[in-house]
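Input: a single structure, listed below in structure tokens.
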Protein chains: 4
Amino acid sequence: MYTHEITVRVRYKETDNMGVVHHSNYAVYYEYARTEMLRERGFTYKGLEEQGIMMPVRELNSVFVSPAHYDDLLTIKTRVVEAAGFKAVFEHEIFNQDGVKVNTGRVVLVYVDAATRRITRAPKWFADLFAEE
Amino acid sequence: MYTHEITVRVRYKETDNMGVVHHSNYAVYYEYARTEMLRERGFTYKGLEEQGIMMPVRELNSVFVSPAHYDDLLTIKTRVVEAAGFKAVFEHEIFNQDGVKVNTGRVVLVYVDAATRRITRAPKWFADLFAEE
Amino acid sequence: MYTHEITVRVRYKETDNMGVVHHSNYAVYYEYARTEMLRERGFTYKGLEEQGIMMPVRELNSVFVSPAHYDDLLTIKTRVVEAAGFKAVFEHEIFNQDGVKVNTGRVVLVYVDAATRRITRAPKWFADLFAEE
Amino acid sequence: MYTHEITVRVRYKETDNMGVVHHSNYAVYYEYARTEMLRERGFTYKGLEEQGIMMPVRELNSVFVSPAHYDDLLTIKTRVVEAAGFKAVFEHEIFNQDGVKVNTGRVVLVYVDAATRRITRAPKWFADLFAEE
């Protein structure tokens, strides 16, 4: 199964009144990790959109294990659970610079034809990006 | 079971390149609905924080049923599933102005003592806000 | 000169580690005020976009006079300084529920043809919305 | 005068319905650049806060020269105009990967004592970070 790891620095804008990262930002961190994982594979999500395929999120599940704080350097570990067929499933685990688990997430996306806005199959080359491992 | 309904207008800032509401904003809509539900009950989340209780989100689950667009007037229906004890559970359903279901969400929050940052029980008066129905 | 007033409630998501509204949110408050001002005049910015005119922001100037906090009920006063020709200029003043001035802003937007992405003139009916006062 | 340069990748979340970066995000890019500039000098803004000094933004001026798009790799050039005394002034210029100027900004921040929330002088060592060049 294909896995990937990247770091992201918590921005001031992402913190809230409680002095921690607001929970809505984790979806953005997951998205960032998926984007950079694709880039590492030699491809971009932008390129996928230019070929007429969009990938809207269909399901999002998060567990907020412990708070992250301003300027934390978070490591996001991503596993591609599924990429062929009509949907892609990613699992993310986020750790802070001390190795403490901060968050886990699971995101289900579907492939949509940008012209018709209907669900479609993953392009073969796209599914193959993750299948070959 | 206590239920509540409120509308929210989609802001331009909340849309993305796909021309729809970015999925990370739904957590903010849920939070808005919970805040206004409390206000309708004669109380504020701000007041709870001033009494030394914070309510960080522990779990978030969303299903993105159909896209919302700029300037849509969304109706958020909220049910309080649980509020006493160590956690509060809310279920949200979001519909657009045409009655189309856009999103469903389930959010689990815990009560935290602001001074010690440890999990604590719901204040009785708080749990009672929702129990009496 | 056409003026307009609307209130907006500060969301938890808009606060930061300093316990105040993060400065980047004021641009969103201004945008909200402009949108609702148009709606009050019987029109929508969404409708303008559907007619092929977009209004990107060209200049933004803000002075942060005093901090706003979570759950503050802000009043945004907007003046239309200019709306005909190639640009629209709006001035905003924001006050909290105690009448304390929180922020002042000035935003310059241009009219852009959505098809060509070139700057264009304000549609006459749009400029007239504000001229008749 | 101290200058600094850093890149930032445009996130999907930062785009809007117009297919470009929403104007409110530039304040966040400036903030990111200032933070990383400090880190390059061997210091962190987080450390400054831990010493009881906060730096809220007092003035923000932006000119949006040309649009930035999803996945653009932006270069932010920052000049420290002033850092001693009661305020710090930064000028930012942002370019895309093709060298096209996207945005210019000027941000004035003040030094605030976190305990009293009153304006104070820059710590000498902080002002010196930028003065020695």
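Simple scheme: letters A, B, ... for chains in structure tokens order, numbers from 1 for residues in each chain, numbers from 1 for ligands in the order shown.
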
Within 9 Å of Asp72 in chain B using only C-alpha atoms, minus same-chain residues under 4 positions, as a PyMOL selection string: chain B and resi 8-11+68+96-97

Residues from the last selection, N, CA and C atoms, saved as a PDB file, in the first residue's frame:
ATOM      1  N   VAL B   8     -27.917  29.936   7.299  1.00  0.00           N
ATOM      2  CA  VAL B   8     -26.632  30.616   7.113  1.00  0.00           C
ATOM      3  C   VAL B   8     -26.443  30.832   5.618  1.00  0.00           C
ATOM      4  N   ARG B   9     -25.961  31.997   5.266  1.00  0.00           N
ATOM      5  CA  ARG B   9     -25.746  32.356   3.869  1.00  0.00           C
ATOM      6  C   ARG B   9     -24.297  32.006   3.487  1.00  0.00           C
ATOM      7  N   VAL B  10     -24.096  31.300   2.388  1.00  0.00           N
ATOM      8  CA  VAL B  10     -22.736  30.943   1.947  1.00  0.00           C
ATOM      9  C   VAL B  10     -21.972  32.190   1.508  1.00  0.00           C
ATOM     10  N   ARG B  11     -20.801  32.391   2.083  1.00  0.00           N
ATOM     11  CA  ARG B  11     -19.950  33.538   1.753  1.00  0.00           C
ATOM     12  C   ARG B  11     -19.034  33.204   0.566  1.00  0.00           C
ATOM     13  N   ALA B  68     -22.930  22.734  -2.216  1.00  0.00           N
ATOM     14  CA  ALA B  68     -23.551  24.036  -1.955  1.00  0.00           C
ATOM     15  C   ALA B  68     -22.756  25.073  -2.743  1.00  0.00           C
ATOM     16  N   ASN B  96     -30.314  23.066   1.226  1.00  0.00           N
ATOM     17  CA  ASN B  96     -30.257  24.371   0.556  1.00  0.00           C
ATOM     18  C   ASN B  96     -31.656  24.962   0.407  1.00  0.00           C
ATOM     19  N   GLN B  97     -31.754  26.119  -0.240  1.00  0.00           N
ATOM     20  CA  GLN B  97     -33.038  26.845  -0.345  1.00  0.00           C
ATOM     21  C   GLN B  97     -34.065  26.100  -1.194  1.00  0.00           C
TER      22      GLN B  97
END

Since chain A and chain D share a sequence, can you fit the second onto the first over all C-alpha atoms in order and output it as a CSV table (one decimal) with C-alpha atoms, in the first residue's frame?
chain,number,residue,atom,x,y,z
D,1,MET,CA,0.0,0.0,0.0
D,2,TYR,CA,1.3,3.4,-1.0
D,3,THR,CA,2.3,5.6,1.9
D,4,HIS,CA,3.6,9.2,2.1
D,5,GLU,CA,4.9,11.6,4.7
D,6,ILE,CA,5.1,15.3,4.8
D,7,THR,CA,5.4,18.1,7.3
D,8,VAL,CA,3.4,21.3,7.6
D,9,ARG,CA,3.9,24.2,9.9
D,10,VAL,CA,0.9,25.5,11.9
D,11,ARG,CA,0.0,29.0,10.9
D,12,TYR,CA,-1.2,31.7,13.3
D,13,LYS,CA,-4.4,32.0,11.2
D,14,GLU,CA,-5.1,28.4,12.0
D,15,THR,CA,-5.2,28.8,15.7
D,16,ASP,CA,-8.3,29.9,17.7
D,17,ASN,CA,-9.4,31.5,21.0
D,18,MET,CA,-8.6,28.2,22.8
D,19,GLY,CA,-4.9,28.6,21.8
D,20,VAL,CA,-5.0,25.5,19.6
D,21,VAL,CA,-5.5,24.7,15.9
D,22,HIS,CA,-9.2,25.1,15.0
D,23,HIS,CA,-10.6,21.7,14.1
D,24,SER,CA,-11.7,22.8,10.7
D,25,ASN,CA,-8.1,23.1,9.5
D,26,TYR,CA,-7.3,19.4,9.6
D,27,ALA,CA,-9.3,18.9,6.4
D,28,VAL,CA,-7.0,21.4,4.8
D,29,TYR,CA,-3.9,19.6,6.2
D,30,TYR,CA,-5.2,16.3,4.7
D,31,GLU,CA,-5.8,18.0,1.4
D,32,TYR,CA,-2.3,19.4,1.5
D,33,ALA,CA,-0.8,16.0,2.1
D,34,ARG,CA,-2.8,14.4,-0.7
D,35,THR,CA,-1.6,17.2,-3.1
D,36,GLU,CA,2.0,16.8,-2.2
D,37,MET,CA,1.8,13.0,-2.4
D,38,LEU,CA,0.6,13.3,-5.9
D,39,ARG,CA,3.4,15.7,-6.8
D,40,GLU,CA,5.9,13.3,-5.3
D,41,ARG,CA,4.5,10.7,-7.7
D,42,GLY,CA,5.2,13.0,-10.6
D,43,PHE,CA,1.8,14.3,-11.0
D,44,THR,CA,-0.5,17.1,-9.8
D,45,TYR,CA,-4.1,17.4,-8.8
D,46,LYS,CA,-4.2,20.6,-10.9
D,47,GLY,CA,-3.2,18.4,-13.9
D,48,LEU,CA,-6.1,16.0,-13.1
D,49,GLU,CA,-8.5,19.0,-13.1
D,50,GLU,CA,-7.0,20.2,-16.4
D,51,GLN,CA,-7.9,16.8,-17.8
D,52,GLY,CA,-11.5,17.3,-16.8
D,53,ILE,CA,-11.6,15.2,-13.6
D,54,MET,CA,-12.4,16.8,-10.3
D,55,MET,CA,-12.2,15.0,-6.9
D,56,PRO,CA,-14.7,16.4,-4.5
D,57,VAL,CA,-14.7,15.0,-0.9
D,58,ARG,CA,-17.6,12.7,-0.2
D,59,GLU,CA,-16.9,11.7,3.4
D,60,LEU,CA,-14.7,13.0,6.1
D,61,ASN,CA,-14.0,11.4,9.5
D,62,SER,CA,-11.6,12.9,12.0
D,63,VAL,CA,-10.6,12.1,15.5
D,64,PHE,CA,-8.9,14.9,17.4
D,65,VAL,CA,-6.5,13.1,19.7
D,66,SER,CA,-4.5,15.9,21.2
D,67,PRO,CA,-4.3,19.6,20.4
D,68,ALA,CA,-1.8,21.2,18.0
D,69,HIS,CA,-0.5,24.7,18.7
D,70,TYR,CA,0.9,27.6,16.8
D,71,ASP,CA,4.2,27.0,15.1
D,72,ASP,CA,4.0,23.2,15.7
D,73,LEU,CA,5.7,21.3,12.9
D,74,LEU,CA,3.2,18.5,12.1
D,75,THR,CA,4.0,15.3,10.3
D,76,ILE,CA,1.2,14.0,8.2
D,77,LYS,CA,1.4,10.3,7.3
D,78,THR,CA,-0.9,9.3,4.5
D,79,ARG,CA,-2.0,5.8,3.3
D,80,VAL,CA,-3.8,5.3,0.0
D,81,VAL,CA,-6.4,2.6,0.9
D,82,GLU,CA,-8.2,2.7,-2.5
D,83,ALA,CA,-7.7,4.7,-5.7
D,84,ALA,CA,-9.3,2.6,-8.5
D,85,GLY,CA,-12.9,2.5,-9.5
D,86,PHE,CA,-15.3,5.3,-8.5
D,87,LYS,CA,-13.7,6.5,-5.3
D,88,ALA,CA,-10.4,7.1,-3.6
D,89,VAL,CA,-9.9,6.5,0.1
D,90,PHE,CA,-7.1,8.1,2.1
D,91,GLU,CA,-6.1,7.6,5.8
D,92,HIS,CA,-4.1,10.3,7.5
D,93,GLU,CA,-2.3,10.3,10.9
D,94,ILE,CA,-0.8,13.5,12.2
D,95,PHE,CA,2.0,13.8,14.8
D,96,ASN,CA,3.6,16.8,16.3
D,97,GLN,CA,7.4,17.5,16.6
D,98,ASP,CA,7.5,15.5,19.9
D,99,GLY,CA,6.0,12.4,18.2
D,100,VAL,CA,2.7,12.9,20.0
D,101,LYS,CA,-0.3,11.8,17.9
D,102,VAL,CA,-2.5,14.8,17.2
D,103,ASN,CA,-5.2,13.6,14.8
D,104,THR,CA,-6.3,10.8,12.6
D,105,GLY,CA,-8.5,11.2,9.6
D,106,ARG,CA,-10.1,9.3,6.8
D,107,VAL,CA,-11.3,10.9,3.6
D,108,VAL,CA,-13.3,9.5,0.8
D,109,LEU,CA,-13.3,11.3,-2.5
D,110,VAL,CA,-15.1,10.6,-5.7
D,111,TYR,CA,-14.1,11.2,-9.3
D,112,VAL,CA,-16.3,13.6,-11.1
D,113,ASP,CA,-16.4,14.6,-14.8
D,114,ALA,CA,-15.9,18.4,-14.8
D,115,ALA,CA,-18.1,18.8,-17.9
D,116,THR,CA,-21.1,16.7,-16.8
D,117,ARG,CA,-20.5,17.0,-13.0
D,118,ARG,CA,-21.3,13.3,-12.8
D,119,ILE,CA,-19.4,10.6,-11.0
D,120,THR,CA,-17.0,8.7,-13.2
D,121,ARG,CA,-14.2,6.1,-12.9
D,122,ALA,CA,-10.6,6.9,-12.0
D,123,PRO,CA,-8.5,7.4,-15.1
D,124,LYS,CA,-6.4,4.2,-15.3
D,125,TRP,CA,-3.1,6.0,-15.2
D,126,PHE,CA,-4.2,7.7,-12.0
D,127,ALA,CA,-5.3,4.5,-10.2
D,128,ASP,CA,-2.0,3.0,-11.4
D,129,LEU,CA,0.0,5.6,-9.6
D,130,PHE,CA,-0.9,3.9,-6.3
D,131,ALA,CA,-1.5,0.4,-7.5
D,132,GLU,CA,2.1,-0.4,-8.6
D,133,GLU,CA,3.4,-0.4,-5.1

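For range 8-57 of chain A, a DSSP pass over the backbone yields strand (DSSP E) at Val8, Arg9, Ile53, Met54 and Val57 of chain A.
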
Could you pull out all residues of chain C with a DSSP call of alpha helix (DSSP H) and give them as an MDAnalysis selection string? chainID C and resid 26:40 45:50 124:131

Keeping only N, CA and C atoms, write those residues as an mmCIF file, in the first residue's frame.
data_model
loop_
_atom_site.group_PDB
_atom_site.id
_atom_site.type_symbol
_atom_site.label_atom_id
_atom_site.label_comp_id
_atom_site.auth_asym_id
_atom_site.auth_seq_id
_atom_site.Cartn_x
_atom_site.Cartn_y
_atom_site.Cartn_z
ATOM 1 N N TYR C 26 -11.224 40.581 8.378
ATOM 2 C CA TYR C 26 -11.949 41.832 8.115
ATOM 3 C C TYR C 26 -12.292 41.972 6.637
ATOM 4 N N ALA C 27 -11.421 41.479 5.764
ATOM 5 C CA ALA C 27 -11.731 41.505 4.319
ATOM 6 C C ALA C 27 -13.008 40.711 4.046
ATOM 7 N N VAL C 28 -13.213 39.643 4.798
ATOM 8 C CA VAL C 28 -14.420 38.823 4.640
ATOM 9 C C VAL C 28 -15.644 39.561 5.182
ATOM 10 N N TYR C 29 -15.465 40.296 6.280
ATOM 11 C CA TYR C 29 -16.587 41.086 6.818
ATOM 12 C C TYR C 29 -16.985 42.182 5.820
ATOM 13 N N TYR C 30 -15.998 42.843 5.227
ATOM 14 C CA TYR C 30 -16.308 43.891 4.239
ATOM 15 C C TYR C 30 -17.113 43.282 3.076
ATOM 16 N N GLU C 31 -16.642 42.132 2.627
ATOM 17 C CA GLU C 31 -17.288 41.460 1.496
ATOM 18 C C GLU C 31 -18.733 41.096 1.839
ATOM 19 N N TYR C 32 -18.918 40.609 3.050
ATOM 20 C CA TYR C 32 -20.255 40.275 3.532
ATOM 21 C C TYR C 32 -21.147 41.514 3.499
ATOM 22 N N ALA C 33 -20.623 42.643 3.973
ATOM 23 C CA ALA C 33 -21.408 43.885 4.013
ATOM 24 C C ALA C 33 -21.770 44.334 2.596
ATOM 25 N N ARG C 34 -20.822 44.244 1.676
ATOM 26 C CA ARG C 34 -21.120 44.661 0.286
ATOM 27 C C ARG C 34 -22.210 43.775 -0.314
ATOM 28 N N THR C 35 -22.101 42.468 -0.073
ATOM 29 C CA THR C 35 -23.081 41.508 -0.593
ATOM 30 C C THR C 35 -24.485 41.806 -0.085
ATOM 31 N N GLU C 36 -24.597 42.038 1.207
ATOM 32 C CA GLU C 36 -25.919 42.269 1.797
ATOM 33 C C GLU C 36 -26.461 43.646 1.425
ATOM 34 N N MET C 37 -25.568 44.590 1.193
ATOM 35 C CA MET C 37 -25.988 45.919 0.728
ATOM 36 C C MET C 37 -26.636 45.801 -0.643
ATOM 37 N N LEU C 38 -26.013 45.022 -1.516
ATOM 38 C CA LEU C 38 -26.588 44.792 -2.844
ATOM 39 C C LEU C 38 -27.952 44.119 -2.723
ATOM 40 N N ARG C 39 -28.048 43.121 -1.855
ATOM 41 C CA ARG C 39 -29.307 42.395 -1.694
ATOM 42 C C ARG C 39 -30.412 43.356 -1.230
ATOM 43 N N GLU C 40 -30.058 44.259 -0.328
ATOM 44 C CA GLU C 40 -31.034 45.235 0.160
ATOM 45 C C GLU C 40 -31.532 46.121 -0.976
ATOM 46 N N TYR C 45 -24.847 39.986 -5.867
ATOM 47 C CA TYR C 45 -23.556 39.882 -6.552
ATOM 48 C C TYR C 45 -23.534 38.611 -7.398
ATOM 49 N N LYS C 46 -24.205 37.572 -6.901
ATOM 50 C CA LYS C 46 -24.315 36.334 -7.665
ATOM 51 C C LYS C 46 -24.966 36.593 -9.031
ATOM 52 N N GLY C 47 -26.006 37.438 -9.029
ATOM 53 C CA GLY C 47 -26.688 37.798 -10.279
ATOM 54 C C GLY C 47 -25.750 38.536 -11.224
ATOM 55 N N LEU C 48 -24.914 39.382 -10.655
ATOM 56 C CA LEU C 48 -23.944 40.121 -11.476
ATOM 57 C C LEU C 48 -22.992 39.136 -12.156
ATOM 58 N N GLU C 49 -22.520 38.155 -11.382
ATOM 59 C CA GLU C 49 -21.627 37.142 -11.959
ATOM 60 C C GLU C 49 -22.338 36.334 -13.047
ATOM 61 N N GLU C 50 -23.623 36.057 -12.813
ATOM 62 C CA GLU C 50 -24.376 35.294 -13.814
ATOM 63 C C GLU C 50 -24.552 36.085 -15.105
ATOM 64 N N LYS C 124 -24.692 49.903 -16.589
ATOM 65 C CA LYS C 124 -25.370 51.152 -16.187
ATOM 66 C C LYS C 124 -26.343 50.917 -15.024
ATOM 67 N N TRP C 125 -27.137 49.859 -15.118
ATOM 68 C CA TRP C 125 -28.120 49.606 -14.057
ATOM 69 C C TRP C 125 -27.440 49.397 -12.709
ATOM 70 N N PHE C 126 -26.195 48.840 -12.752
ATOM 71 C CA PHE C 126 -25.483 48.598 -11.498
ATOM 72 C C PHE C 126 -25.017 49.926 -10.894
ATOM 73 N N ALA C 127 -24.399 50.757 -11.719
ATOM 74 C CA ALA C 127 -23.940 52.064 -11.243
ATOM 75 C C ALA C 127 -25.133 52.878 -10.735
ATOM 76 N N ASP C 128 -26.263 52.735 -11.425
ATOM 77 C CA ASP C 128 -27.453 53.493 -11.040
ATOM 78 C C ASP C 128 -28.012 53.091 -9.670
ATOM 79 N N LEU C 129 -27.742 51.851 -9.269
ATOM 80 C CA LEU C 129 -28.220 51.385 -7.955
ATOM 81 C C LEU C 129 -27.797 52.334 -6.849
ATOM 82 N N PHE C 130 -26.607 52.887 -7.019
ATOM 83 C CA PHE C 130 -26.029 53.722 -5.963
ATOM 84 C C PHE C 130 -26.105 55.202 -6.301
ATOM 85 N N ALA C 131 -26.260 55.498 -7.592
ATOM 86 C CA ALA C 131 -26.231 56.893 -8.044
ATOM 87 C C ALA C 131 -27.502 57.636 -7.680
#
